[in-house]
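Peer 1: I am attaching a structure below and will ask some questions about it afterwards.
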Amino acid sequence: MALKAMVAFGGSSPHYGWKDLGSKPSEFALSWINGSGEVCKWIRFGGFSSFSACRAIRSVEDGNTSKRGTELQRVIEQTGNDVSMRLQKDLSSLPKPLSVSDLSSTADDGSKVRISFKGFPGSYSEDAALKAYPKCETVPCNEFEDAIKAVELWLADKAVLPIENSLGGSIHRNYDLLLRHRLHIVGEVQLAFNLCLLALPGVRAEYLKRVISHPQALSSSDILLSKLGVARENMDDTAGAAQYVASNGLRDAGVVASARAAEIYGLNILAEGIQDDSDTVTRFLVLARDPIIPRTNKPFKTSIVFTLDEGPGVLFKALAVFALRDINLTKIESRPQRKRPLRVVDDSDTGSAKYFDYLFYIDFEASMAEPRAQTALGHLQEFATFLRILGCYAMETIL
C-alpha cells in the first residue's frame, strides 16, 4: 500500500489550476500529500500571513483511486473551511478604515478639548470658548499672542480670539496676529454681551466712587456710569477687574463684568444689561493647528488675506471676482503692511509720491468645496501679489 504524491493548485482540476477562494483574486491555495500520509494545504491571501494545515488520511490501495480522490477532496474542503474561519476572525480584528467623521480630533461637545484665551476665568473670551465647546477645559493666558502660542506649543488644542465688536469695530491687533502666525480659522462665535455692574457683598451702587473694567466695557455702559457720577479706571480684562476688587476688598469700587465673573469671585450683581446698546455683539474666531475639511451641507464662510499692486481700479477688479459669481462678502478690512508700510510710485525729479501698502482681509459666504469659490480665488490670484486662505469654517449665529 502506498500513496502517490499529488499537488493540487486549488480549482476543480485534479492536477493544477487557480481557485477563486471567497471571490478574492489575490488569494492562492496549494494542497499536497506529505510523506507521512497527511493532506496539507497552504493558503496565501494578498499581503496577509500565509496559513497552513495538515490532516492525516487513511492509506488506500493504488487501484482504489476514486475512493482516495473522494477522501482527499473531503479533507481539503474541511481544511479550507477551518482556514477560512481563522481568516475571517483575523480580518475582523483589523482596524476599520477612517471615515470623514474620524478626521475630527474632538467631539462636537468639546469634551477633553483645551481652549486658550486671553484673560482671567470669567472673562467674555472664556464665555465664547464655552459656547463653542461646552465641556472644554479653558486655559487662561496673559496676552492674545500667548493664547496663540499655547496652541502652537501643543499646550492647548484651540485658541479663541475676539476679532470685531459691533460697537468698537475691528480689533486690529488680532488681524496682525492672524498673518504673523500659521494657525487656521476653524470656527467663529458671535457672543451677545450682557454687561453687569458688580460690587462686594453689602455695597450699594450709590456708595461707589469708581468703577474698574476694560475700556470697551466702560465705554459701552456710559449712560449708567454717567448717572452714578463715578470715576472710571481701565484694566486689561473685565474678569481681571472683578478678581482685583474681590481680592483687595475694595468697597468703594465697582466692576463692569459678566454675571459668571460675579459667581466666580463672590461679588454681588447690582445691575444687569447696563450696556448702552442692547444688541452689542462681539465676534470671536476659533484657531487651530490644522484646518477643517470644507463641506457644502451647511453655510460656510471663508477668510482670506491678499495684497495688490498699485493702479487704478485694482481693488475693484479684486472684488469683482466675487460679484461675478454671486458670492456675498461679509467683511472687508485693510491693514498697512508692517514690513513695507510705504510704496514709492513716482521717482521723478519733482518728488516722489508715497502710498500705504495695504493688506486686504476679506470674509465671504462660500465653502472652498464649492467650484465657484475655487474659481473666484483662482481669478483673484491672477493679479494678487500675495494670497493666503486663513480658514474655511461653518458660519455661526448669535445665541
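Letters for chains follow the order of the C-alpha cells (A, B, ...), residue numbers begin at 1 for each chain, and ligand numbers begin at 1 in the order shown.
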Quick one: everything within 6 Å of region 157-172 of chain A, counting only C-alpha atoms, minus sequence neighbours fewer than 5 positions away in the same chain. Send it as a VMD selection string.

Peer 2: chain A and resid 114 to 117 147 151 280 to 288

Peer 1: Please save all heavy atoms of the selected residues as a compact mmCIF listing (two decimals), in the first residue's frame.

Peer 2:
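Saved file selection28.txt follows:
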```txt
# COMPACT_ATOMS: atom_id res chain seq x y z
N ARG A 114 -8.81 71.47 25.05
CA ARG A 114 -8.22 72.58 25.80
C ARG A 114 -8.26 73.82 24.93
O ARG A 114 -7.69 73.84 23.83
CB ARG A 114 -6.78 72.24 26.20
CG ARG A 114 -6.69 71.14 27.25
CD ARG A 114 -5.25 70.71 27.50
NE ARG A 114 -4.40 71.80 27.94
CZ ARG A 114 -4.29 72.20 29.21
NH1 ARG A 114 -4.98 71.60 30.15
NH2 ARG A 114 -3.49 73.19 29.54
N ILE A 115 -8.93 74.87 25.42
CA ILE A 115 -9.10 76.11 24.67
C ILE A 115 -8.39 77.24 25.39
O ILE A 115 -8.68 77.53 26.55
CB ILE A 115 -10.60 76.47 24.51
CG1 ILE A 115 -11.40 75.27 24.00
CG2 ILE A 115 -10.76 77.66 23.60
CD1 ILE A 115 -11.06 74.86 22.60
N SER A 116 -7.45 77.87 24.71
CA SER A 116 -6.73 79.01 25.30
C SER A 116 -7.43 80.32 24.96
O SER A 116 -8.04 80.44 23.89
CB SER A 116 -5.28 79.04 24.81
OG SER A 116 -5.22 79.13 23.40
N PHE A 117 -7.33 81.27 25.86
CA PHE A 117 -7.96 82.59 25.66
C PHE A 117 -7.19 83.62 26.47
O PHE A 117 -6.46 83.29 27.41
CB PHE A 117 -9.43 82.56 26.08
CG PHE A 117 -9.64 82.38 27.57
CD1 PHE A 117 -9.83 83.47 28.40
CD2 PHE A 117 -9.60 81.12 28.15
CE1 PHE A 117 -10.01 83.32 29.77
CE2 PHE A 117 -9.75 80.94 29.52
CZ PHE A 117 -9.97 82.05 30.33
N ALA A 147 -2.07 83.18 23.85
CA ALA A 147 -3.12 82.19 23.56
C ALA A 147 -2.82 81.44 22.26
O ALA A 147 -3.03 80.22 22.17
CB ALA A 147 -4.48 82.87 23.48
N VAL A 151 -1.33 77.13 21.54
CA VAL A 151 -1.75 76.13 20.55
C VAL A 151 -0.55 75.65 19.75
O VAL A 151 -0.39 74.45 19.50
CB VAL A 151 -2.83 76.71 19.62
CG1 VAL A 151 -3.25 75.69 18.57
CG2 VAL A 151 -4.04 77.17 20.42
N THR A 280 -25.33 94.77 21.43
CA THR A 280 -23.88 94.69 21.30
C THR A 280 -23.42 93.24 21.16
O THR A 280 -23.76 92.39 21.98
CB THR A 280 -23.18 95.33 22.52
OG1 THR A 280 -23.58 96.69 22.62
CG2 THR A 280 -21.67 95.26 22.38
N VAL A 281 -22.67 92.98 20.10
CA VAL A 281 -22.20 91.62 19.81
C VAL A 281 -20.71 91.66 19.50
O VAL A 281 -20.23 92.58 18.82
CB VAL A 281 -22.96 91.02 18.61
CG1 VAL A 281 -22.38 89.65 18.23
CG2 VAL A 281 -24.44 90.88 18.93
N THR A 282 -19.98 90.68 20.00
CA THR A 282 -18.56 90.53 19.66
C THR A 282 -18.38 89.22 18.91
O THR A 282 -18.94 88.19 19.29
CB THR A 282 -17.68 90.54 20.92
OG1 THR A 282 -17.80 91.80 21.56
CG2 THR A 282 -16.22 90.31 20.57
N ARG A 283 -17.62 89.29 17.85
CA ARG A 283 -17.35 88.10 17.04
C ARG A 283 -15.96 87.56 17.40
O ARG A 283 -14.97 88.31 17.42
CB ARG A 283 -17.41 88.46 15.56
CG ARG A 283 -17.07 87.31 14.61
CD ARG A 283 -17.33 87.71 13.17
NE ARG A 283 -16.79 86.73 12.22
CZ ARG A 283 -15.79 86.97 11.39
NH1 ARG A 283 -15.23 88.17 11.33
NH2 ARG A 283 -15.36 86.03 10.58
N PHE A 284 -15.91 86.29 17.69
CA PHE A 284 -14.66 85.61 18.04
C PHE A 284 -14.30 84.61 16.95
O PHE A 284 -15.19 84.04 16.30
CB PHE A 284 -14.80 84.86 19.37
CG PHE A 284 -15.02 85.74 20.57
CD1 PHE A 284 -16.28 86.24 20.86
CD2 PHE A 284 -13.97 86.06 21.42
CE1 PHE A 284 -16.50 87.04 21.97
CE2 PHE A 284 -14.17 86.86 22.53
CZ PHE A 284 -15.43 87.36 22.81
N LEU A 285 -13.01 84.36 16.78
CA LEU A 285 -12.52 83.33 15.87
C LEU A 285 -11.92 82.19 16.68
O LEU A 285 -11.28 82.41 17.72
CB LEU A 285 -11.46 83.89 14.92
CG LEU A 285 -11.89 84.99 13.97
CD1 LEU A 285 -10.70 85.46 13.13
CD2 LEU A 285 -13.04 84.54 13.07
N VAL A 286 -12.14 80.97 16.20
CA VAL A 286 -11.54 79.78 16.81
C VAL A 286 -10.38 79.34 15.91
O VAL A 286 -10.57 79.11 14.71
CB VAL A 286 -12.56 78.64 16.95
CG1 VAL A 286 -11.91 77.43 17.63
CG2 VAL A 286 -13.78 79.10 17.74
N LEU A 287 -9.18 79.25 16.48
CA LEU A 287 -7.97 78.93 15.72
C LEU A 287 -7.44 77.56 16.13
O LEU A 287 -7.50 77.19 17.31
CB LEU A 287 -6.90 79.99 15.95
CG LEU A 287 -7.29 81.45 15.69
CD1 LEU A 287 -6.12 82.37 15.99
CD2 LEU A 287 -7.77 81.65 14.27
N ALA A 288 -6.90 76.82 15.16
CA ALA A 288 -6.34 75.50 15.44
C ALA A 288 -5.11 75.27 14.57
O ALA A 288 -4.86 76.01 13.62
CB ALA A 288 -7.38 74.41 15.19
```

Peer 1: Within 10 Å of Asp290 (chain A), counting only C-alpha atoms, which residues show up once you throw out same-chain ones fewer than 6 positions away? Write them as number ranges by chain, please.

Peer 2: A: 105, 157-158, 182-186, 391

Peer 1: Quick one: distance from CA of Ala320 (chain A) to CA of Gln337 (chain A) in Å, one decimal?

Peer 2: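 Computing the Euclidean distance for CA of Ala320 (chain A) and CA of Gln337 (chain A) yields 23.2 Å.
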
Peer 1: Do you know which residues are at most 12 Å from Phe120 (chain A) counting only C-alpha atoms, after dropping those on the same chain fewer than 3 positions away, and could you put them as an NGL selection string?

Peer 2: :A and (116-117 or 123-127 or 138-143 or 235-244 or 257-258 or 260-261 or 264-265)

Peer 1: Just to confirm, what's the straight-line distance from CA of Leu130 (chain A) to CA of Tyr175 (chain A) in Å (one decimal)?

Peer 2: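 Pair CA of Leu130 (chain A) / CA of Tyr175 (chain A) returns 22.6 Å.
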
Peer 1: Between CA of Arg295 (chain A) and CA of Ile332 (chain A), what distance in Å does the model show, to one decimal?

Peer 2: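 Computed distance, CA of Arg295 (chain A) to CA of Ile332 (chain A), equals 23.4 Å.
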
Peer 1: Distance table requested - region 135-202 of chain A against region 222-228 of chain A, cut-off 12 Å, only C-alpha atoms: one row per qualifying residue with the closest atom pair and its distance in Å to one decimal, ordered by chain and rising residue number, as a Markdown table.

Peer 2:
```
| residue | atom | partner | partner_atom | distance |
| --- | --- | --- | --- | --- |
| A:Leu195 | CA | A:Leu224 | CA | 11.2 |
| A:Cys196 | CA | A:Leu224 | CA | 10.8 |
| A:Leu197 | CA | A:Leu224 | CA | 9.5 |
```

Peer 1: Pick the closest to Glu396 (chain A) from A:Lys118, A:Lys298, A:Arg204, A:Arg251: which is it, counting only C-alpha atoms?

Peer 2: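 Comparing A:Lys118, A:Lys298, A:Arg204, A:Arg251 against Glu396 (chain A), the winner is A:Lys298.
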
Peer 1: Give me the residues within 7 Å of Ala262 (chain A) as JSON, numbers by chain, counting only C-alpha atoms and dropping any in the same chain fewer than 6 places off.

Peer 2: {"A": [198, 268, 269]}

Peer 1: For the selection just defined, write its residues with N, CA and C atoms to a file, as a PDB file, in the first residue's frame.

Peer 2:
```pdb
ATOM      1  N   LEU A 198     -20.975  95.079  39.148  1.00  0.00           N
ATOM      2  CA  LEU A 198     -20.696  94.208  40.276  1.00  0.00           C
ATOM      3  C   LEU A 198     -20.035  94.982  41.414  1.00  0.00           C
ATOM      4  N   ASN A 268     -21.543  90.674  44.212  1.00  0.00           N
ATOM      5  CA  ASN A 268     -22.977  90.830  44.002  1.00  0.00           C
ATOM      6  C   ASN A 268     -23.245  91.559  42.689  1.00  0.00           C
ATOM      7  N   ILE A 269     -24.353  91.231  42.061  1.00  0.00           N
ATOM      8  CA  ILE A 269     -24.768  91.915  40.834  1.00  0.00           C
ATOM      9  C   ILE A 269     -25.714  93.048  41.221  1.00  0.00           C
TER      10      ILE A 269
END
```

Peer 1: Can you list, as a ChimeraX atom specification, all residues belonging to region 266-341 of chain A that DSSP tags as strand (DSSP E or B)?

Peer 2: /A:268-272,281-288,300-308,329-336

Peer 1: Given only C-alpha atoms as the basis, pick out the residue of A:Leu324, A:Ile293, A:Val314, A:Leu218 nearest to Ile274 (chain A).

Peer 2: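 Checking each candidate against Ile274 (chain A), we get A:Leu218 as the closest.
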
Peer 1: Go through region 185-386 of chain A and collect every residue that DSSP, computed from the backbone, puts in alpha helix (DSSP H); the answer should be as a PyMOL selection string.

Peer 2: chain A and resi 215-220+222-228+238-248+259-265+314-323+371-380

Peer 1: Could you check the closest approach to Ala217 (chain A) for each of A:Thr375, A:Asn174, A:Gln381, A:Asn194 and tell me which residue wins, using only C-alpha atoms?

Peer 2: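 Distance minimum relative to Ala217 (chain A) lands on A:Asn194.
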